>>> print(open('final.cif').read())   # mmCIF, C-alpha atoms and all ligand atoms
data_query
loop_
_atom_site.label_atom_id
_atom_site.label_comp_id
_atom_site.auth_asym_id
_atom_site.auth_seq_id
_atom_site.Cartn_x
_atom_site.Cartn_y
_atom_site.Cartn_z
CA MET V 240 -52.56 -51.43 -11.71
CA GLY V 241 -50.80 -50.99 -15.03
CA PRO V 242 -52.34 -49.23 -18.02
CA LEU V 243 -53.24 -52.58 -19.58
CA SER V 244 -55.50 -53.70 -16.72
CA VAL V 245 -59.12 -54.02 -17.85
CA ALA V 246 -61.53 -51.23 -17.07
CA TYR V 247 -65.31 -51.07 -16.89
CA PRO V 248 -67.45 -48.02 -17.68
CA VAL V 249 -68.79 -47.31 -14.17
CA ASP V 250 -66.80 -46.34 -11.06
CA LEU V 251 -68.75 -45.05 -8.06
CA HIS V 252 -66.00 -44.58 -5.47
CA THR V 253 -62.96 -42.31 -6.07
CA HIS V 254 -60.90 -39.66 -4.27
CA SER V 255 -58.99 -36.58 -5.43
CA VAL V 256 -56.53 -34.17 -3.83
CA CYS V 257 -59.57 -32.36 -2.37
CA SER V 258 -59.43 -35.06 0.31
CA ASP V 259 -56.75 -37.74 0.60
CA GLY V 260 -56.19 -38.63 -3.06
CA THR V 261 -53.22 -37.50 -5.14
CA LEU V 262 -54.77 -36.35 -8.44
CA SER V 263 -56.59 -33.08 -9.07
CA PRO V 264 -60.30 -33.62 -9.85
CA GLY V 265 -59.62 -32.79 -13.52
CA ASP V 266 -56.71 -35.21 -13.79
CA LEU V 267 -58.78 -37.91 -12.08
CA VAL V 268 -61.55 -37.50 -14.68
CA ARG V 269 -59.04 -37.46 -17.56
CA ARG V 270 -57.38 -40.63 -16.28
CA ALA V 271 -60.79 -42.29 -15.88
CA ALA V 272 -61.84 -41.24 -19.39
CA GLY V 273 -58.58 -42.59 -20.79
CA ARG V 274 -59.41 -45.94 -19.25
CA GLY V 275 -62.92 -45.98 -20.71
CA VAL V 276 -64.92 -44.91 -17.66
CA ARG V 277 -68.15 -43.14 -18.69
CA VAL V 278 -69.86 -42.65 -15.32
CA LEU V 279 -67.67 -41.56 -12.42
CA ALA V 280 -68.58 -40.61 -8.87
CA LEU V 281 -66.11 -38.29 -7.15
CA SER V 282 -66.57 -39.27 -3.48
CA ASP V 283 -63.99 -37.22 -1.58
CA HIS V 284 -64.12 -37.50 2.22
CA ASP V 285 -66.27 -34.78 3.83
CA THR V 286 -66.07 -32.37 0.90
CA LEU V 287 -67.67 -31.54 -2.44
CA ALA V 288 -64.94 -29.02 -3.32
CA GLY V 289 -63.76 -30.98 -6.37
CA VAL V 290 -67.13 -31.58 -7.98
CA ALA V 291 -67.34 -28.46 -10.19
CA GLU V 292 -63.85 -29.03 -11.67
CA ALA V 293 -64.62 -32.72 -12.21
CA VAL V 294 -67.96 -32.01 -13.89
CA ALA V 295 -66.29 -29.50 -16.22
CA ALA V 296 -63.52 -31.93 -17.12
CA GLY V 297 -66.07 -34.67 -17.75
CA GLU V 298 -68.19 -32.56 -20.10
CA GLY V 299 -65.58 -32.46 -22.84
CA LEU V 300 -64.75 -36.14 -22.50
CA GLY V 301 -68.18 -37.75 -22.36
CA VAL V 302 -67.82 -38.67 -18.69
CA ARG V 303 -70.89 -38.23 -16.53
CA LEU V 304 -69.76 -37.04 -13.11
CA ILE V 305 -71.85 -37.93 -10.09
CA SER V 306 -71.44 -35.66 -7.08
CA ALA V 307 -70.75 -37.67 -3.92
CA SER V 308 -68.93 -37.70 -0.60
CA GLU V 309 -67.72 -40.49 1.70
CA LEU V 310 -68.51 -39.91 5.38
CA ASN V 311 -66.20 -42.02 7.57
CA THR V 312 -67.53 -43.07 10.95
CA GLU V 313 -65.65 -44.88 13.71
CA SER V 314 -67.53 -46.46 16.61
CA GLU V 315 -68.29 -49.75 18.32
CA TRP V 316 -69.41 -50.80 14.80
CA GLY V 317 -65.83 -50.50 13.55
CA ASP V 318 -65.32 -48.41 10.41
CA ALA V 319 -68.68 -47.72 8.79
CA HIS V 320 -68.14 -45.40 5.81
CA VAL V 321 -71.22 -43.96 4.10
CA LEU V 322 -71.12 -42.90 0.46
CA GLY V 323 -73.69 -40.17 -0.23
CA TYR V 324 -74.64 -39.92 -3.92
CA PHE V 325 -76.28 -36.97 -5.73
CA ILE V 326 -75.68 -34.46 -2.95
CA ASP V 327 -75.52 -30.82 -4.02
CA PRO V 328 -72.24 -28.85 -3.80
CA THR V 329 -74.25 -25.61 -3.55
CA ASP V 330 -76.30 -26.79 -0.52
CA ALA V 331 -75.11 -24.33 2.17
CA ALA V 332 -76.57 -26.24 5.12
CA LEU V 333 -74.87 -29.44 4.00
CA GLU V 334 -71.59 -27.58 3.47
CA GLU V 335 -71.81 -26.32 7.06
CA ARG V 336 -71.94 -29.91 8.36
CA LEU V 337 -69.14 -31.01 6.02
CA ARG V 338 -67.00 -28.09 7.22
CA TRP V 339 -67.50 -29.27 10.81
CA LEU V 340 -66.34 -32.75 9.81
CA ARG V 341 -63.28 -31.30 8.06
CA GLU V 342 -62.44 -29.21 11.12
CA ASN V 343 -62.60 -32.40 13.21
CA ARG V 344 -60.23 -34.03 10.72
CA GLY V 345 -57.81 -31.12 11.14
CA ARG V 346 -57.85 -31.33 14.94
CA ARG V 347 -57.36 -35.09 14.83
CA VAL V 348 -54.36 -34.85 12.52
CA GLU V 349 -52.91 -32.06 14.67
CA LEU V 350 -53.26 -34.28 17.77
CA MET V 351 -51.64 -37.20 15.95
CA VAL V 352 -48.71 -34.98 14.90
CA GLN V 353 -48.25 -34.02 18.58
CA LYS V 354 -48.30 -37.66 19.63
CA LEU V 355 -45.87 -38.60 16.86
CA LYS V 356 -43.50 -35.90 18.07
CA GLN V 357 -43.74 -37.21 21.65
CA LEU V 358 -42.90 -40.67 20.30
CA GLY V 359 -39.82 -39.32 18.58
CA TYR V 360 -41.05 -38.99 14.98
CA GLY V 361 -39.94 -35.67 13.50
CA VAL V 362 -43.02 -34.86 11.48
CA SER V 363 -44.20 -31.24 11.33
CA LEU V 364 -47.77 -30.08 10.96
CA ASP V 365 -46.63 -27.53 8.37
CA ARG V 366 -45.23 -30.29 6.16
CA VAL V 367 -48.38 -32.39 6.57
CA LEU V 368 -50.50 -29.40 5.51
CA GLU V 369 -48.24 -28.88 2.48
CA ILE V 370 -48.65 -32.51 1.47
CA ALA V 371 -52.43 -32.22 1.80
CA GLN V 372 -52.55 -29.18 -0.54
CA GLY V 373 -55.68 -27.89 1.17
CA GLY V 374 -57.49 -31.22 1.00
CA ALA V 375 -59.57 -32.69 3.85
CA LEU V 376 -56.86 -33.97 6.21
CA GLY V 377 -56.38 -37.62 7.11
CA ARG V 378 -53.90 -40.32 7.98
CA PRO V 379 -52.81 -40.68 4.32
CA HIS V 380 -51.11 -37.27 4.61
CA LEU V 381 -49.37 -38.39 7.81
CA ALA V 382 -48.33 -41.61 6.05
CA GLU V 383 -46.69 -39.61 3.27
CA ALA V 384 -44.88 -37.40 5.77
CA LEU V 385 -43.58 -40.47 7.65
CA LEU V 386 -42.52 -42.13 4.38
CA GLU V 387 -40.54 -39.13 3.08
CA LYS V 388 -38.70 -38.94 6.42
CA GLY V 389 -37.76 -42.60 6.11
CA TYR V 390 -39.62 -43.81 9.22
CA VAL V 391 -41.36 -46.43 7.06
CA HIS V 392 -40.36 -48.12 3.82
CA SER V 393 -43.77 -47.85 2.20
CA TYR V 394 -47.01 -45.93 2.45
CA GLU V 395 -48.85 -49.12 3.45
CA GLU V 396 -46.33 -49.88 6.18
CA ALA V 397 -47.24 -46.60 7.90
CA PHE V 398 -50.86 -47.76 8.23
CA ASP V 399 -49.82 -51.20 9.42
CA THR V 400 -47.48 -49.82 12.11
CA ILE V 401 -47.17 -46.18 13.28
CA LEU V 402 -50.67 -45.08 12.16
CA ALA V 403 -52.53 -48.29 13.07
CA LYS V 404 -55.47 -48.15 15.50
CA SER V 405 -53.38 -50.09 18.00
CA SER V 406 -50.52 -47.57 17.81
CA PRO V 407 -49.87 -45.09 20.65
CA ALA V 408 -49.91 -42.34 18.00
CA TYR V 409 -53.50 -43.13 17.00
CA VAL V 410 -56.29 -40.69 17.80
CA ALA V 411 -59.90 -41.76 17.27
CA ARG V 412 -62.12 -39.81 14.92
CA VAL V 413 -64.78 -37.47 16.34
CA GLY V 414 -67.79 -37.05 14.13
CA LEU V 415 -70.95 -38.78 13.04
CA SER V 416 -72.35 -42.16 14.04
CA PRO V 417 -73.22 -44.53 11.17
CA LEU V 418 -76.93 -43.68 11.53
CA GLU V 419 -76.23 -39.93 11.64
CA ALA V 420 -74.20 -40.24 8.42
CA VAL V 421 -77.12 -41.93 6.64
CA GLU V 422 -79.54 -39.33 8.01
CA LEU V 423 -77.32 -36.43 6.91
CA VAL V 424 -77.19 -37.71 3.33
CA ARG V 425 -80.97 -38.28 3.25
CA ARG V 426 -81.76 -34.90 4.79
CA HIS V 427 -79.93 -33.28 1.89
CA GLY V 428 -81.59 -35.29 -0.86
CA GLY V 429 -78.77 -37.78 -1.39
CA VAL V 430 -78.74 -41.55 -1.72
CA PRO V 431 -76.60 -43.30 0.92
CA SER V 432 -74.69 -46.54 0.35
CA LEU V 433 -72.52 -48.41 2.87
CA ALA V 434 -68.90 -48.42 1.59
CA HIS V 435 -66.65 -51.54 1.76
CA PRO V 436 -68.88 -53.34 4.33
CA GLY V 437 -66.03 -55.65 5.30
CA THR V 438 -64.67 -52.99 7.68
CA VAL V 439 -67.88 -52.95 9.76
CA VAL V 440 -67.92 -54.92 13.02
CA GLY V 441 -71.36 -56.53 13.40
CA LEU V 442 -72.58 -55.86 9.87
CA GLU V 443 -75.70 -58.04 10.07
CA ALA V 444 -76.80 -56.20 13.25
CA LEU V 445 -75.98 -52.67 12.05
CA LEU V 446 -77.45 -52.94 8.55
CA PRO V 447 -81.17 -53.07 9.50
CA LYS V 448 -80.66 -50.00 11.71
CA MET V 449 -79.08 -48.12 8.81
CA VAL V 450 -81.83 -49.26 6.44
CA ALA V 451 -84.45 -47.99 8.91
CA VAL V 452 -83.05 -44.44 8.63
CA GLY V 453 -82.72 -44.49 4.84
CA LEU V 454 -79.72 -46.52 3.67
CA ALA V 455 -80.32 -47.34 -0.01
CA GLY V 456 -77.20 -49.14 -1.17
CA ILE V 457 -74.36 -51.47 -0.17
CA GLU V 458 -70.95 -51.54 -1.84
CA ALA V 459 -70.84 -55.14 -2.99
CA TYR V 460 -68.31 -54.69 -5.80
CA TYR V 461 -64.94 -53.68 -4.35
CA GLY V 462 -61.33 -54.45 -5.22
CA GLU V 463 -60.41 -55.94 -1.86
CA HIS V 464 -63.54 -58.12 -1.59
CA SER V 465 -63.22 -61.88 -1.85
CA PRO V 466 -65.86 -63.53 -4.06
CA GLU V 467 -67.47 -64.73 -0.80
CA LEU V 468 -67.72 -61.20 0.63
CA THR V 469 -69.22 -59.90 -2.63
CA GLU V 470 -71.79 -62.72 -2.52
CA ARG V 471 -72.58 -61.96 1.13
CA CYS V 472 -73.13 -58.28 0.26
CA LEU V 473 -75.35 -59.21 -2.70
CA ALA V 474 -77.40 -61.47 -0.40
CA LEU V 475 -77.72 -58.63 2.14
CA ALA V 476 -78.79 -56.31 -0.70
CA ARG V 477 -81.59 -58.73 -1.63
CA THR V 478 -82.69 -59.18 2.00
CA HIS V 479 -82.83 -55.46 2.73
CA GLY V 480 -83.85 -54.12 -0.68
CA LEU V 481 -80.55 -52.31 -1.22
CA VAL V 482 -78.89 -51.34 -4.50
CA PRO V 483 -75.54 -53.15 -4.87
CA THR V 484 -72.97 -50.42 -5.63
CA GLY V 485 -69.25 -50.57 -6.29
CA GLY V 486 -66.07 -48.81 -7.19
CA SER V 487 -62.30 -48.71 -7.09
CA ASP V 488 -61.74 -46.45 -4.04
CA PHE V 489 -58.95 -45.02 -6.19
CA HIS V 490 -56.72 -42.54 -4.32
CA GLY V 491 -53.75 -42.54 -6.70
CA ARG V 492 -51.09 -44.32 -4.65
CA GLY V 493 -51.97 -47.88 -5.57
CA GLU V 494 -53.66 -48.44 -2.23
CA HIS V 495 -56.79 -50.63 -2.27
CA GLY V 496 -55.09 -52.39 -5.19
CA VAL V 497 -57.05 -51.29 -8.25
CA ASP V 498 -57.03 -48.55 -10.86
CA LEU V 499 -59.98 -46.40 -11.95
CA GLY V 500 -62.79 -48.47 -13.44
CA ALA V 501 -61.07 -51.75 -12.59
CA VAL V 502 -63.97 -53.07 -10.49
CA PHE V 503 -67.01 -54.32 -12.41
CA VAL V 504 -70.17 -52.38 -11.54
CA PRO V 505 -73.37 -53.20 -13.49
CA PRO V 506 -74.35 -50.13 -15.59
CA GLU V 507 -77.98 -50.38 -14.41
CA THR V 508 -76.73 -49.45 -10.92
CA ILE V 509 -76.96 -45.75 -11.85
CA GLN V 510 -80.66 -45.92 -12.67
CA MET V 511 -81.34 -48.02 -9.59
CA LEU V 512 -79.64 -45.39 -7.41
CA GLU V 513 -81.53 -42.58 -9.14
CA SER V 514 -84.82 -44.33 -8.45
CA ARG V 515 -83.98 -44.19 -4.73
CA ARG V 516 -83.71 -40.41 -4.67
CA MET V 517 -86.40 -38.71 -2.67
CA ARG V 518 -88.15 -35.78 -4.17
CA PRO V 519 -87.66 -32.60 -2.14
CA SER V 520 -90.71 -32.09 0.04
CA GLY V 521 -92.71 -28.90 0.64
P1 LIG H 1 -58.38 -41.50 8.25
O1 LIG H 1 -59.58 -40.89 7.59
O2 LIG H 1 -57.43 -40.46 8.69
O3 LIG H 1 -58.69 -42.47 9.33
O4 LIG H 1 -57.65 -42.34 7.12
C1 LIG H 1 -58.43 -43.25 6.41
C2 LIG H 1 -57.94 -43.25 4.97
O5 LIG H 1 -56.70 -43.87 4.93
C3 LIG H 1 -58.88 -43.99 4.05
O6 LIG H 1 -59.44 -43.08 3.13
C4 LIG H 1 -58.05 -44.99 3.34
O7 LIG H 1 -58.00 -44.73 1.96
C5 LIG H 1 -56.67 -44.84 3.89
N1 LIG H 1 -56.28 -46.10 4.50
C6 LIG H 1 -56.81 -46.67 5.58
N2 LIG H 1 -56.19 -47.83 5.87
C7 LIG H 1 -55.22 -47.97 4.93
C8 LIG H 1 -54.24 -48.97 4.68
N3 LIG H 1 -54.12 -50.04 5.46
N4 LIG H 1 -53.45 -48.80 3.62
C9 LIG H 1 -53.55 -47.72 2.85
N5 LIG H 1 -54.47 -46.76 3.02
C10 LIG H 1 -55.29 -46.88 4.06
FE FE H 2 -59.33 -42.07 1.76
FE FE H 3 -63.65 -45.75 3.04
ZN ZN H 4 -62.98 -44.22 -0.08
#
>>> encode(input="final.cif", output="structure tokens", more="lines below")
Ligand code: AMP
Ligand code: FE
Ligand code: FE
Ligand code: ZN
Amino acid sequence: MGPLSVAYPVDLHTHSVCSDGTLSPGDLVRRAAGRGVRVLALSDHDTLAGVAEAVAAGEGLGVRLISASELNTESEWGDAHVLGYFIDPTDAALEERLRWLRENRGRRVELMVQKLKQLGYGVSLDRVLEIAQGGALGRPHLAEALLEKGYVHSYEEAFDTILAKSSPAYVARVGLSPLEAVELVRRHGGVPSLAHPGTVVGLEALLPKMVAVGLAGIEAYYGEHSPELTERCLALARTHGLVPTGGSDFHGRGEHGVDLGAVFVPPETIQMLESRRMRPSG
């Protein structure tokens, strides 16, 4: 992901230090602008805390910032992550639900630190919290703590070994079901899209259920997708009347393989997503 890699003007999936990314929201927007991105969704996990800073940074640089959040769910459907677009950072009822999800993240990471200690890994919760800098906690912060202590040779290795689902240190997420995630986004006026559908187990069976409760998009364009998976997602989008969305899933550590704007997303995607917004009732 060098500075010479090509970039496209739309990126609808990115993370900052407000969740498990490494850049501040402002630095994320400045990096995106420098690469030619003009429409950027900040989609931090379970938080909208970075949106105001990102919007402000975008204003001076001609970057339109779309407020978003990625809601991770873990169930018999595997990992179904829901991107909610156009949700409002000042919506107090939504913030209450997001705070609950962040508290669950904190408890889960705390439990994983305890298990790591029992397994002989000297990782302290205090250090993990320092690494997270107040962001919504997750395994990426544990991976960094394990890496700096030399228990793994790379960030990726931590996910493949000590932090893997099959590892004795793993603790399952408590939170929303895939359908509840879609409903939460819709209830608060947002437009939900299924992130990186390749991580779902039983995609063809789950998708119609998600569509029935308001799913509007499917992330067809994604750095780790094979051409076949992108085609399969585009076919599912046609079948179910979904907007094909896409993005880099940039976190700042080179994970997911691509830099900001490096995944092609058709510019008309923005308008298509906007047309799927529901007008507030009442
Ligand atoms: P968690 O929410 O704690 O389960 O951690 C999930 C986060 O870890 C996601 O946001 C991913 O960006 C990151 N992640 C998951 N799997 C990997 C992996 N194999 N390599 C690098 N990052 C990963
Ligand atoms: Fe993440
Ligand atoms: Fe995700
Ligand atoms: Zn993501």
>>> residues_near_ligand(input="final.cif", ligand="ligand FE 3 (chain H)", cutoff="7 Å", atoms="all atoms listed in the file", output="JSON, numbers by chain")
{"V": [309, 311, 320, 434, 435]}
>>> closest_atom_pairs(input="final.cif", of="chain V", to="ligand ZN 4 (chain H)", cutoff="10 Å", atoms="only C-alpha atoms and all ligand atoms", output="tab-separated table")
residue	atom	partner	partner_atom	distance
V:Leu251	CA	H:ZN4	ZN	9.9
V:His252	CA	H:ZN4	ZN	6.2
V:Thr253	CA	H:ZN4	ZN	6.3
V:His254	CA	H:ZN4	ZN	6.5
V:Ser258	CA	H:ZN4	ZN	9.8
V:Asp259	CA	H:ZN4	ZN	9.0
V:Gly260	CA	H:ZN4	ZN	9.3
V:Leu281	CA	H:ZN4	ZN	9.7
V:Ser282	CA	H:ZN4	ZN	7.0
V:Asp283	CA	H:ZN4	ZN	7.2
V:His284	CA	H:ZN4	ZN	7.2
V:Ser308	CA	H:ZN4	ZN	8.8
V:Glu309	CA	H:ZN4	ZN	6.3
V:Leu310	CA	H:ZN4	ZN	8.9
V:Asn311	CA	H:ZN4	ZN	8.6
V:His320	CA	H:ZN4	ZN	7.9
V:Val321	CA	H:ZN4	ZN	9.2
V:Leu322	CA	H:ZN4	ZN	8.3
V:Ala434	CA	H:ZN4	ZN	7.4
V:His435	CA	H:ZN4	ZN	8.4
V:Gly486	CA	H:ZN4	ZN	9.0
V:Ser487	CA	H:ZN4	ZN	8.4
V:Asp488	CA	H:ZN4	ZN	4.7
V:Phe489	CA	H:ZN4	ZN	7.4
V:His490	CA	H:ZN4	ZN	7.7
V:His495	CA	H:ZN4	ZN	9.2
>>> write_last_selection(input="final.cif", atoms="C-alpha atoms", output="compact mmCIF listing (two decimals), in the frame of the given file")
# COMPACT_ATOMS: atom_id res chain seq x y z
CA LEU V 251 -68.75 -45.05 -8.06
CA HIS V 252 -66.00 -44.58 -5.47
CA THR V 253 -62.96 -42.31 -6.07
CA HIS V 254 -60.90 -39.66 -4.27
CA SER V 258 -59.43 -35.06 0.31
CA ASP V 259 -56.75 -37.74 0.60
CA GLY V 260 -56.19 -38.63 -3.06
CA LEU V 281 -66.11 -38.29 -7.15
CA SER V 282 -66.57 -39.27 -3.48
CA ASP V 283 -63.99 -37.22 -1.58
CA HIS V 284 -64.12 -37.50 2.22
CA SER V 308 -68.93 -37.70 -0.60
CA GLU V 309 -67.72 -40.49 1.70
CA LEU V 310 -68.51 -39.91 5.38
CA ASN V 311 -66.20 -42.02 7.57
CA HIS V 320 -68.14 -45.40 5.81
CA VAL V 321 -71.22 -43.96 4.10
CA LEU V 322 -71.12 -42.90 0.46
CA ALA V 434 -68.90 -48.42 1.59
CA HIS V 435 -66.65 -51.54 1.76
CA GLY V 486 -66.07 -48.81 -7.19
CA SER V 487 -62.30 -48.71 -7.09
CA ASP V 488 -61.74 -46.45 -4.04
CA PHE V 489 -58.95 -45.02 -6.19
CA HIS V 490 -56.72 -42.54 -4.32
CA HIS V 495 -56.79 -50.63 -2.27
>>> atom_distance(input="final.cif", atom1="atom CA of V:Ala403", atom2="atom CA of V:Ser363")
19.1 Å
>>> residues_around(input="final.cif", residues="V:Gly437", least_positions_apart="4", cutoff="9 Å", atoms="all atoms listed in the file", output="list in words")
Asp318, Leu442, His464 and Leu468 of chain V
>>> residues_around(input="final.cif", residues="V:Val294", least_positions_apart="5", cutoff="9 Å", atoms="all atoms listed in the file", output="count of residues only")
9
>>> residues_near_ligand(input="final.cif", ligand="ligand LIG 1 (chain H)", cutoff="6 Å", atoms="only C-alpha atoms and all ligand atoms", output="list in words")
Gly377, Arg378, Pro379, Glu395, Phe398, Asp399 and Glu494 of chain V
>>> residues_around(input="final.cif", residues="V:Arg516", least_positions_apart="2", cutoff="6 Å", atoms="only C-alpha atoms", output="ChimeraX atom specification")
/V:430,513-514
>>> residues_around(input="final.cif", residues="stretch 343-357 of chain V", least_positions_apart="3", cutoff="12 Å", atoms="all atoms listed in the file", output="mmCIF file with C-alpha atoms, keeping the file's coordinate frame")
data_model
loop_
_atom_site.group_PDB
_atom_site.id
_atom_site.type_symbol
_atom_site.label_atom_id
_atom_site.label_comp_id
_atom_site.auth_asym_id
_atom_site.auth_seq_id
_atom_site.Cartn_x
_atom_site.Cartn_y
_atom_site.Cartn_z
ATOM 1 C CA SER V 258 -59.430 -35.060 0.310
ATOM 2 C CA ASP V 259 -56.750 -37.740 0.600
ATOM 3 C CA HIS V 284 -64.120 -37.500 2.220
ATOM 4 C CA ASP V 285 -66.270 -34.780 3.830
ATOM 5 C CA THR V 286 -66.070 -32.370 0.900
ATOM 6 C CA LEU V 310 -68.510 -39.910 5.380
ATOM 7 C CA ASN V 311 -66.200 -42.020 7.570
ATOM 8 C CA THR V 312 -67.530 -43.070 10.950
ATOM 9 C CA ARG V 336 -71.940 -29.910 8.360
ATOM 10 C CA LEU V 337 -69.140 -31.010 6.020
ATOM 11 C CA ARG V 338 -67.000 -28.090 7.220
ATOM 12 C CA TRP V 339 -67.500 -29.270 10.810
ATOM 13 C CA LEU V 340 -66.340 -32.750 9.810
ATOM 14 C CA TYR V 360 -41.050 -38.990 14.980
ATOM 15 C CA GLY V 361 -39.940 -35.670 13.500
ATOM 16 C CA VAL V 362 -43.020 -34.860 11.480
ATOM 17 C CA SER V 363 -44.200 -31.240 11.330
ATOM 18 C CA LEU V 364 -47.770 -30.080 10.960
ATOM 19 C CA ASP V 365 -46.630 -27.530 8.370
ATOM 20 C CA ARG V 366 -45.230 -30.290 6.160
ATOM 21 C CA VAL V 367 -48.380 -32.390 6.570
ATOM 22 C CA LEU V 368 -50.500 -29.400 5.510
ATOM 23 C CA ALA V 371 -52.430 -32.220 1.800
ATOM 24 C CA GLY V 373 -55.680 -27.890 1.170
ATOM 25 C CA GLY V 374 -57.490 -31.220 1.000
ATOM 26 C CA ALA V 375 -59.570 -32.690 3.850
ATOM 27 C CA LEU V 376 -56.860 -33.970 6.210
ATOM 28 C CA GLY V 377 -56.380 -37.620 7.110
ATOM 29 C CA ARG V 378 -53.900 -40.320 7.980
ATOM 30 C CA PRO V 379 -52.810 -40.680 4.320
ATOM 31 C CA HIS V 380 -51.110 -37.270 4.610
ATOM 32 C CA LEU V 381 -49.370 -38.390 7.810
ATOM 33 C CA ALA V 382 -48.330 -41.610 6.050
ATOM 34 C CA ALA V 384 -44.880 -37.400 5.770
ATOM 35 C CA LEU V 385 -43.580 -40.470 7.650
ATOM 36 C CA TYR V 390 -39.620 -43.810 9.220
ATOM 37 C CA ILE V 401 -47.170 -46.180 13.280
ATOM 38 C CA LEU V 402 -50.670 -45.080 12.160
ATOM 39 C CA ALA V 403 -52.530 -48.290 13.070
ATOM 40 C CA LYS V 404 -55.470 -48.150 15.500
ATOM 41 C CA SER V 406 -50.520 -47.570 17.810
ATOM 42 C CA PRO V 407 -49.870 -45.090 20.650
ATOM 43 C CA ALA V 408 -49.910 -42.340 18.000
ATOM 44 C CA TYR V 409 -53.500 -43.130 17.000
ATOM 45 C CA VAL V 410 -56.290 -40.690 17.800
ATOM 46 C CA ALA V 411 -59.900 -41.760 17.270
ATOM 47 C CA ARG V 412 -62.120 -39.810 14.920
ATOM 48 C CA VAL V 413 -64.780 -37.470 16.340
ATOM 49 C CA GLY V 414 -67.790 -37.050 14.130
ATOM 50 C CA LEU V 415 -70.950 -38.780 13.040
#
>>> residues_near_point(input="final.cif", point="(-69.2, -54.5, 1.5)", cutoff="12 Å", atoms="all atoms listed in the file", output="MDAnalysis selection string")
chainID V and resid 318:322 432:440 442:443 446 456:476 481:486
>>> write_last_selection(input="final.cif", atoms="C-alpha atoms", output="tab-separated table (two decimals), in the coordinates of the input")
chain	number	residue	atom	x	y	z
V	318	ASP	CA	-65.32	-48.41	10.41
V	319	ALA	CA	-68.68	-47.72	8.79
V	320	HIS	CA	-68.14	-45.40	5.81
V	321	VAL	CA	-71.22	-43.96	4.10
V	322	LEU	CA	-71.12	-42.90	0.46
V	432	SER	CA	-74.69	-46.54	0.35
V	433	LEU	CA	-72.52	-48.41	2.87
V	434	ALA	CA	-68.90	-48.42	1.59
V	435	HIS	CA	-66.65	-51.54	1.76
V	436	PRO	CA	-68.88	-53.34	4.33
V	437	GLY	CA	-66.03	-55.65	5.30
V	438	THR	CA	-64.67	-52.99	7.68
V	439	VAL	CA	-67.88	-52.95	9.76
V	440	VAL	CA	-67.92	-54.92	13.02
V	442	LEU	CA	-72.58	-55.86	9.87
V	443	GLU	CA	-75.70	-58.04	10.07
V	446	LEU	CA	-77.45	-52.94	8.55
V	456	GLY	CA	-77.20	-49.14	-1.17
V	457	ILE	CA	-74.36	-51.47	-0.17
V	458	GLU	CA	-70.95	-51.54	-1.84
V	459	ALA	CA	-70.84	-55.14	-2.99
V	460	TYR	CA	-68.31	-54.69	-5.80
V	461	TYR	CA	-64.94	-53.68	-4.35
V	462	GLY	CA	-61.33	-54.45	-5.22
V	463	GLU	CA	-60.41	-55.94	-1.86
V	464	HIS	CA	-63.54	-58.12	-1.59
V	465	SER	CA	-63.22	-61.88	-1.85
V	466	PRO	CA	-65.86	-63.53	-4.06
V	467	GLU	CA	-67.47	-64.73	-0.80
V	468	LEU	CA	-67.72	-61.20	0.63
V	469	THR	CA	-69.22	-59.90	-2.63
V	470	GLU	CA	-71.79	-62.72	-2.52
V	471	ARG	CA	-72.58	-61.96	1.13
V	472	CYS	CA	-73.13	-58.28	0.26
V	473	LEU	CA	-75.35	-59.21	-2.70
V	474	ALA	CA	-77.40	-61.47	-0.40
V	475	LEU	CA	-77.72	-58.63	2.14
V	476	ALA	CA	-78.79	-56.31	-0.70
V	481	LEU	CA	-80.55	-52.31	-1.22
V	482	VAL	CA	-78.89	-51.34	-4.50
V	483	PRO	CA	-75.54	-53.15	-4.87
V	484	THR	CA	-72.97	-50.42	-5.63
V	485	GLY	CA	-69.25	-50.57	-6.29
V	486	GLY	CA	-66.07	-48.81	-7.19
>>> residues_around(input="final.cif", residues="V:Ala272", least_positions_apart="5", cutoff="9 Å", atoms="all atoms listed in the file", output="compact mmCIF listing (two decimals) with C-alpha atoms, keeping the file's coordinate frame")
# COMPACT_ATOMS: atom_id res chain seq x y z
CA PRO V 248 -67.45 -48.02 -17.68
CA LEU V 267 -58.78 -37.91 -12.08
CA ARG V 277 -68.15 -43.14 -18.69
CA GLY V 297 -66.07 -34.67 -17.75
CA LEU V 300 -64.75 -36.14 -22.50
CA GLY V 301 -68.18 -37.75 -22.36
CA VAL V 302 -67.82 -38.67 -18.69
>>> closest_residue(input="final.cif", among="V:Val504, V:Ser416, V:Arg492, V:Gly323", to="ligand FE 2 (chain H)", atoms="all atoms listed in the file")
V:Arg492
>>> axis_aligned_box(input="final.cif", around="stretch 270-281 of chain V", padding_each_side="6 Å", output="lines of an AutoDock Vina configuration file")
center_x = -63.6
center_y = -42.1
center_z = -14.0
size_x = 24.5
size_y = 19.7
size_z = 25.6
>>> atom_distance(input="final.cif", atom1="atom CA of V:Ala332", atom2="atom CA of V:Gly428")
12.0 Å
